[in-house]
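Working notes for the structure below.
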Amino acid sequence: MNENSLAIRKFSALANPTRFLALADRVLPWLTVLTVVCFAIGLWLSFTTEGDYQQGETVRIMYVHVPSAWLSMMCYTVMAISALGTLVWRHPLADVSAKAAAPIGACFTFLALVTGSLWGKPMWGTWWVWDARLTSVFVLFLMYLGVIALNRAMEDPGRSARVSAVLVLVGFVNIPVIKFSVDWWNTLHQPASVFRLDGPTIDPEFLWPLISMAVAFTLLFFSLHIAAMRNEIWRRRVDSLRRQAARNAGRETLAP
Amino acid sequence: MIALFFRDLKLAVRAGGGAMLGVLFFMTVVAVIPFGVGPDLNLLARIGPAILWIGALLASLLGLDRLFQAEREDGSLDLLLMQETPLLLTVFVKCAAHWAATGLPLVIASPFLGLFMNMNEPAIGATMLTLLAGTPAITFIGAVGAAVAVALPRGGLLVSILVLPLAVPVLIFGVSAVYAAIEDPAPFLPPFMILMAITLFFAVIGPVAAAAALRHSAD
């Protein structure tokens, strides 16, 4: 028994929702506390550091804008991986994960768009421009809403998960487009300045608050995601219990 | 497969198929625009290519929800699923037939509507060429949406919502290729090549995803 197959066995053991619920109950409080601590550090750092000499106080918008934009893409990637899990391994938790991630991702995308717009008004002089980065993120937002609408349109959760998994995978073409849109087209939105081959070009004064906020946002995403998955499992259980109760009630009235 | 192609084409063209409805919708959309922006011929000539593209995009969305739904209703979808030929090929042929029935008439109608828009000859030619290269991509993307929503009672609106965001790049490069052809400094070929690349890309992705969705929504 080597390491790899042990990991696979652990992973497929999670397919039992009760095991997942037990794990989530154990992990979630710690994760929440960690998230709060990280947010405290991140917010303290972002409000105590110097403002930019040119942008002034508005540079602090970046500490919310950039992490939520990263997360909007990461959340879609998580959904795409879950979609693969649904289609390839038929992992029952994968469809729960994809369904739970969609509204969270839509929220982060919305946050990124709104903060970007608020930042754009003083910096670019306009709320919105139709440049490549902004347009592709807006398309991402629309796709999140489309996936949510599709999830809601079907009653059978298993089938809706498999069908929306196909849609999520097709929509994944947009993610590289978003990532590289600032490199492929000359746009108003600035190119990447943190993750670069030649090291970050952003000043350490802004880098540290940004990184701590990014960590805090990522932790927030995972705690929200696990909580949403737990709720979704409970919701399905309540649903099936209700159906069972309705069936039993029908049987009692029929056979006195 | 050829028989399937002609069967779909006939079904679409004959009564109740609604292939001509798409062209009619296209004409109506384009005819409504001058009422909205005013009959200024110079302005119309400038925005004409964009209007034609948006009209064609909306018109080709119209018939999409029927792509697999009619088959599902009369049960022939199950036969197509159980066939020996790969489902991928079947979906591809169905898309081709759908494009020939709804996309091609739009391309043919676009020059006449271009005249309405006071566009000059190069602009009309470029619009027609880009539409010819771009509308198949919309059909292939739309096939995914149609397959995903095939089991839904009110799939039509949902298909449009799902497909439109994915079709945005087609619109962007189609329109930019036309403008590149009209205005001198910008070269026509790069955006046009990207448009064709998008079409080829979705010609591969679209049938694969649509076939997967059909298989999963069938059982």
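Chain labels run A, B, ... following the order of the structure tokens; each chain numbers its residues from 1, and ligands are numbered from 1 in the order shown.
Non-sequential neighbours of region 193-209 of chain B (distance at most 7 Å, separation of 3 or more positions within a chain, only C-alpha atoms) are Val166 of chain A; Leu88, Val91, Phe92, Ala133, Gly134, Pro136, Ala137, Phe140, Ile141, Ala143, Val144, Val170, Phe173, Gly174, Leu189, Pro190, Ala212 and Ala213 of chain B.
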Any chance you can output those residues with C-alpha atoms as a compact mmCIF listing (two decimals), in the first residue's frame?
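And here's part.txt as it stands now:
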# COMPACT_ATOMS: atom_id res chain seq x y z
CA VAL A 166 -20.56 20.40 -19.00
CA LEU B 88 -20.14 13.44 -31.70
CA VAL B 91 -24.22 16.40 -33.21
CA PHE B 92 -21.74 17.92 -35.64
CA ALA B 133 -16.88 32.76 -40.98
CA GLY B 134 -18.41 33.66 -37.64
CA PRO B 136 -20.92 28.67 -37.50
CA ALA B 137 -19.14 29.40 -34.21
CA PHE B 140 -21.56 25.34 -32.29
CA ILE B 141 -21.59 27.28 -29.02
CA ALA B 143 -25.43 23.50 -29.55
CA VAL B 144 -23.91 23.22 -26.07
CA VAL B 170 -17.11 36.00 -31.86
CA PHE B 173 -13.55 39.83 -33.55
CA GLY B 174 -16.23 39.79 -36.24
CA LEU B 189 -6.34 39.66 -41.70
CA PRO B 190 -5.36 39.28 -38.01
CA ALA B 212 -21.68 14.81 -23.26
CA ALA B 213 -24.60 16.93 -22.08
*Write out as a PyMOL selection string each polymer residue whose atoms come within 9 Å of region 54-71 of chain B, counting only C-alpha atoms; drop sequence neighbours fewer than 6 positions from it.*
chain B and resi 18-19+21-30+77-78+80+94-95+98-99+102-103+106-107+110+131+135+138-139+142-143+145-147+149-151+155-160+163-164+167+171+214
Saved selection, atoms kept: N, CA and C atoms, as a CSV table (one decimal), in the first residue's frame:
chain,number,residue,atom,x,y,z
B,18,GLY,N,-39.4,27.1,-39.1
B,18,GLY,CA,-39.0,28.3,-38.5
B,18,GLY,C,-37.7,28.8,-38.9
B,19,ALA,N,-37.1,28.3,-40.0
B,19,ALA,CA,-35.8,28.8,-40.5
B,19,ALA,C,-35.9,30.2,-41.0
B,21,LEU,N,-38.1,32.3,-40.2
B,21,LEU,CA,-38.4,33.2,-39.1
B,21,LEU,C,-37.1,34.0,-38.6
B,22,GLY,N,-36.0,33.3,-38.6
B,22,GLY,CA,-34.8,33.9,-38.1
B,22,GLY,C,-34.4,35.1,-39.0
B,23,VAL,N,-34.5,34.9,-40.3
B,23,VAL,CA,-34.2,35.9,-41.3
B,23,VAL,C,-35.1,37.1,-41.1
B,24,LEU,N,-36.4,36.8,-40.9
B,24,LEU,CA,-37.4,37.8,-40.7
B,24,LEU,C,-37.1,38.6,-39.4
B,25,PHE,N,-36.7,37.9,-38.4
B,25,PHE,CA,-36.3,38.6,-37.1
B,25,PHE,C,-35.1,39.5,-37.3
B,26,PHE,N,-34.1,39.0,-38.1
B,26,PHE,CA,-32.9,39.7,-38.4
B,26,PHE,C,-33.3,41.0,-39.1
B,27,MET,N,-34.2,40.9,-40.1
B,27,MET,CA,-34.6,42.1,-40.8
B,27,MET,C,-35.3,43.1,-39.9
B,28,THR,N,-36.1,42.6,-39.0
B,28,THR,CA,-36.9,43.4,-38.1
B,28,THR,C,-36.0,44.2,-37.2
B,29,VAL,N,-35.0,43.4,-36.6
B,29,VAL,CA,-34.1,44.1,-35.7
B,29,VAL,C,-33.4,45.2,-36.4
B,30,VAL,N,-32.8,44.9,-37.6
B,30,VAL,CA,-32.1,45.9,-38.3
B,30,VAL,C,-33.0,47.1,-38.7
B,77,LEU,N,-34.5,11.4,-30.6
B,77,LEU,CA,-33.2,11.6,-29.9
B,77,LEU,C,-32.6,10.3,-29.3
B,78,ASP,N,-33.5,9.5,-28.8
B,78,ASP,CA,-33.0,8.3,-28.2
B,78,ASP,C,-32.4,7.4,-29.3
B,80,LEU,N,-31.0,8.5,-32.0
B,80,LEU,CA,-29.7,9.0,-32.3
B,80,LEU,C,-28.6,8.7,-31.3
B,94,LYS,N,-25.8,17.7,-37.2
B,94,LYS,CA,-27.0,18.4,-36.9
B,94,LYS,C,-26.7,19.9,-36.8
B,95,CYS,N,-25.5,20.3,-36.2
B,95,CYS,CA,-25.1,21.7,-36.2
B,95,CYS,C,-25.0,22.2,-37.6
B,98,HIS,N,-28.3,22.8,-39.1
B,98,HIS,CA,-28.9,23.9,-38.4
B,98,HIS,C,-28.3,25.2,-39.0
B,99,TRP,N,-27.0,25.2,-39.1
B,99,TRP,CA,-26.4,26.4,-39.7
B,99,TRP,C,-26.8,26.7,-41.1
B,102,THR,N,-30.4,28.1,-40.8
B,102,THR,CA,-30.6,29.4,-40.2
B,102,THR,C,-29.5,30.4,-40.4
B,103,GLY,N,-28.2,29.9,-40.3
B,103,GLY,CA,-27.1,30.8,-40.4
B,103,GLY,C,-26.9,31.3,-41.8
B,106,LEU,N,-29.0,34.1,-43.1
B,106,LEU,CA,-28.6,35.4,-42.5
B,106,LEU,C,-27.5,36.0,-43.3
B,107,VAL,N,-26.5,35.2,-43.7
B,107,VAL,CA,-25.4,35.7,-44.4
B,107,VAL,C,-25.8,36.2,-45.8
B,110,SER,N,-27.6,39.6,-45.4
B,110,SER,CA,-26.9,40.7,-44.9
B,110,SER,C,-26.5,41.8,-45.9
B,131,LEU,N,-19.5,37.3,-41.4
B,131,LEU,CA,-20.6,36.6,-40.9
B,131,LEU,C,-20.5,35.1,-41.4
B,135,THR,N,-20.7,32.9,-38.0
B,135,THR,CA,-22.0,32.4,-37.6
B,135,THR,C,-21.9,30.9,-37.2
B,138,ILE,N,-21.2,30.5,-33.6
B,138,ILE,CA,-22.4,30.8,-32.8
B,138,ILE,C,-23.2,29.5,-32.7
B,139,THR,N,-23.4,28.8,-33.9
B,139,THR,CA,-24.2,27.6,-33.9
B,139,THR,C,-23.6,26.5,-33.0
B,142,GLY,N,-23.9,27.4,-29.5
B,142,GLY,CA,-25.4,27.3,-29.1
B,142,GLY,C,-25.8,25.8,-29.0
B,143,ALA,N,-25.1,24.9,-29.7
B,143,ALA,CA,-25.4,23.5,-29.5
B,143,ALA,C,-25.2,23.0,-28.1
B,145,GLY,N,-25.5,24.9,-25.4
B,145,GLY,CA,-26.6,25.5,-24.6
B,145,GLY,C,-27.8,24.7,-24.9
B,146,ALA,N,-28.1,24.4,-26.2
B,146,ALA,CA,-29.3,23.6,-26.5
B,146,ALA,C,-29.3,22.2,-25.9
B,147,ALA,N,-28.1,21.6,-25.9
B,147,ALA,CA,-28.1,20.2,-25.3
B,147,ALA,C,-28.2,20.3,-23.8
B,149,ALA,N,-29.9,22.5,-22.1
B,149,ALA,CA,-31.3,22.9,-21.7
B,149,ALA,C,-32.3,22.0,-22.3
B,150,VAL,N,-31.9,20.9,-22.9
B,150,VAL,CA,-32.9,20.1,-23.7
B,150,VAL,C,-34.1,19.6,-22.9
B,151,ALA,N,-33.8,19.2,-21.6
B,151,ALA,CA,-34.9,18.6,-20.9
B,151,ALA,C,-35.7,19.6,-20.1
B,155,GLY,N,-36.8,26.2,-21.9
B,155,GLY,CA,-35.3,26.2,-22.2
B,155,GLY,C,-34.9,27.4,-23.0
B,156,GLY,N,-35.8,27.9,-23.8
B,156,GLY,CA,-35.5,28.9,-24.8
B,156,GLY,C,-34.7,30.1,-24.3
B,157,LEU,N,-35.3,30.7,-23.2
B,157,LEU,CA,-34.6,31.9,-22.6
B,157,LEU,C,-33.3,31.5,-22.0
B,158,LEU,N,-33.3,30.4,-21.3
B,158,LEU,CA,-32.1,29.9,-20.7
B,158,LEU,C,-30.9,29.7,-21.7
B,159,VAL,N,-31.3,29.1,-22.8
B,159,VAL,CA,-30.3,28.9,-23.8
B,159,VAL,C,-29.6,30.2,-24.2
B,160,SER,N,-30.4,31.3,-24.4
B,160,SER,CA,-29.9,32.6,-24.8
B,160,SER,C,-29.0,33.1,-23.7
B,163,VAL,N,-25.7,31.1,-23.7
B,163,VAL,CA,-24.9,31.1,-24.9
B,163,VAL,C,-24.3,32.5,-25.2
B,164,LEU,N,-25.0,33.6,-24.9
B,164,LEU,CA,-24.6,34.9,-25.2
B,164,LEU,C,-23.2,35.3,-24.6
B,167,ALA,N,-20.6,33.8,-26.7
B,167,ALA,CA,-20.5,34.2,-28.0
B,167,ALA,C,-19.9,35.6,-28.2
B,171,LEU,N,-18.4,38.0,-31.6
B,171,LEU,CA,-18.9,39.3,-31.9
B,171,LEU,C,-17.8,40.3,-32.0
B,214,LEU,N,-25.9,15.8,-23.8
B,214,LEU,CA,-27.1,15.0,-24.2
B,214,LEU,C,-27.1,13.6,-23.6
Mind listing as JSON, numbers by chain which residues of chain A are within 12 Å of chain B, counting only C-alpha atoms?
{"A": [86, 87, 88, 90, 130, 131, 132, 135, 136, 137, 138, 139, 140, 141, 142, 143, 144, 145, 146, 147, 148, 149, 150, 151, 152, 153, 154, 155, 156, 157, 158, 159, 160, 161, 162, 163, 164, 165, 166, 167, 168, 169, 170, 171, 172, 173, 174, 175, 177]}
Mind writing the picked residues with C-alpha atoms as a PDB file, in the first residue's frame?
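Okay, this is what ended up in result-v5.pdb:
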ATOM      1  CA  THR A  86     -18.624  14.964 -11.391  1.00  0.00           C
ATOM      2  CA  LEU A  87     -18.150  13.835 -14.977  1.00  0.00           C
ATOM      3  CA  VAL A  88     -15.106  11.618 -14.642  1.00  0.00           C
ATOM      4  CA  ARG A  90     -18.897  10.606 -10.387  1.00  0.00           C
ATOM      5  CA  TRP A 130     -15.090  48.325 -22.273  1.00  0.00           C
ATOM      6  CA  ASP A 131     -11.537  47.122 -22.218  1.00  0.00           C
ATOM      7  CA  ALA A 132     -10.527  43.483 -22.453  1.00  0.00           C
ATOM      8  CA  THR A 135     -15.306  42.886 -20.371  1.00  0.00           C
ATOM      9  CA  SER A 136     -14.003  39.376 -19.789  1.00  0.00           C
ATOM     10  CA  VAL A 137     -14.624  39.623 -16.029  1.00  0.00           C
ATOM     11  CA  PHE A 138     -18.135  40.857 -16.754  1.00  0.00           C
ATOM     12  CA  VAL A 139     -18.624  37.849 -19.014  1.00  0.00           C
ATOM     13  CA  LEU A 140     -17.403  35.670 -16.134  1.00  0.00           C
ATOM     14  CA  PHE A 141     -20.057  37.239 -13.907  1.00  0.00           C
ATOM     15  CA  LEU A 142     -22.744  36.495 -16.493  1.00  0.00           C
ATOM     16  CA  MET A 143     -21.538  32.898 -16.729  1.00  0.00           C
ATOM     17  CA  TYR A 144     -21.774  32.469 -12.968  1.00  0.00           C
ATOM     18  CA  LEU A 145     -25.356  33.716 -13.113  1.00  0.00           C
ATOM     19  CA  GLY A 146     -26.081  31.376 -16.028  1.00  0.00           C
ATOM     20  CA  VAL A 147     -24.755  28.381 -14.084  1.00  0.00           C
ATOM     21  CA  ILE A 148     -26.848  29.362 -11.050  1.00  0.00           C
ATOM     22  CA  ALA A 149     -29.928  29.721 -13.247  1.00  0.00           C
ATOM     23  CA  LEU A 150     -29.287  26.312 -14.805  1.00  0.00           C
ATOM     24  CA  ASN A 151     -28.798  24.722 -11.378  1.00  0.00           C
ATOM     25  CA  ARG A 152     -32.100  26.130 -10.226  1.00  0.00           C
ATOM     26  CA  ALA A 153     -33.979  25.154 -13.368  1.00  0.00           C
ATOM     27  CA  MET A 154     -33.764  21.411 -12.779  1.00  0.00           C
ATOM     28  CA  GLU A 155     -35.288  19.541  -9.899  1.00  0.00           C
ATOM     29  CA  ASP A 156     -33.189  16.387  -9.878  1.00  0.00           C
ATOM     30  CA  PRO A 157     -29.880  17.464  -8.267  1.00  0.00           C
ATOM     31  CA  GLY A 158     -27.810  14.668  -9.799  1.00  0.00           C
ATOM     32  CA  ARG A 159     -28.830  15.428 -13.347  1.00  0.00           C
ATOM     33  CA  SER A 160     -28.563  19.192 -12.983  1.00  0.00           C
ATOM     34  CA  ALA A 161     -25.054  18.736 -11.591  1.00  0.00           C
ATOM     35  CA  ARG A 162     -23.925  16.660 -14.553  1.00  0.00           C
ATOM     36  CA  VAL A 163     -25.443  19.001 -17.116  1.00  0.00           C
ATOM     37  CA  SER A 164     -24.120  22.171 -15.520  1.00  0.00           C
ATOM     38  CA  ALA A 165     -20.714  20.492 -15.192  1.00  0.00           C
ATOM     39  CA  VAL A 166     -20.558  20.402 -18.997  1.00  0.00           C
ATOM     40  CA  LEU A 167     -21.410  24.080 -19.121  1.00  0.00           C
ATOM     41  CA  VAL A 168     -18.813  24.967 -16.484  1.00  0.00           C
ATOM     42  CA  LEU A 169     -16.115  23.120 -18.407  1.00  0.00           C
ATOM     43  CA  VAL A 170     -17.004  24.879 -21.655  1.00  0.00           C
ATOM     44  CA  GLY A 171     -16.993  28.223 -19.873  1.00  0.00           C
ATOM     45  CA  PHE A 172     -13.530  27.537 -18.521  1.00  0.00           C
ATOM     46  CA  VAL A 173     -12.078  28.880 -21.821  1.00  0.00           C
ATOM     47  CA  ASN A 174     -12.774  32.312 -20.394  1.00  0.00           C
ATOM     48  CA  ILE A 175     -10.356  31.958 -17.477  1.00  0.00           C
ATOM     49  CA  VAL A 177      -8.633  34.869 -21.536  1.00  0.00           C
TER      50      VAL A 177
END
Can you check which residues of region 2-251 of chain A DSSP gives as alpha helix (DSSP H) on the backbone and send them as a ChimeraX atom specification? /A:3-13,17-48,62-84,92-124,132-153,157-171,174-184,204-251
- [ ] Give me the residues within 8 Å of region 121-125 of chain A as a list in words, counting only C-alpha atoms and dropping any in the same chain fewer than 3 places off.
- [x] Gln55, Thr58, Ser117, Leu118 and Trp128 of chain A
Deliver the residues from the most recent selection as a file, using C-alpha atoms, as a PDB file, in the first residue's frame.
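That gives us out26.pdb:
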ATOM      1  CA  GLN A  55      -3.300  57.793  -5.779  1.00  0.00           C
ATOM      2  CA  THR A  58      -7.782  55.318  -2.929  1.00  0.00           C
ATOM      3  CA  SER A 117     -15.542  50.627 -10.767  1.00  0.00           C
ATOM      4  CA  LEU A 118     -15.196  52.697  -7.575  1.00  0.00           C
ATOM      5  CA  TRP A 128     -16.546  51.703 -16.649  1.00  0.00           C
TER       6      TRP A 128
END
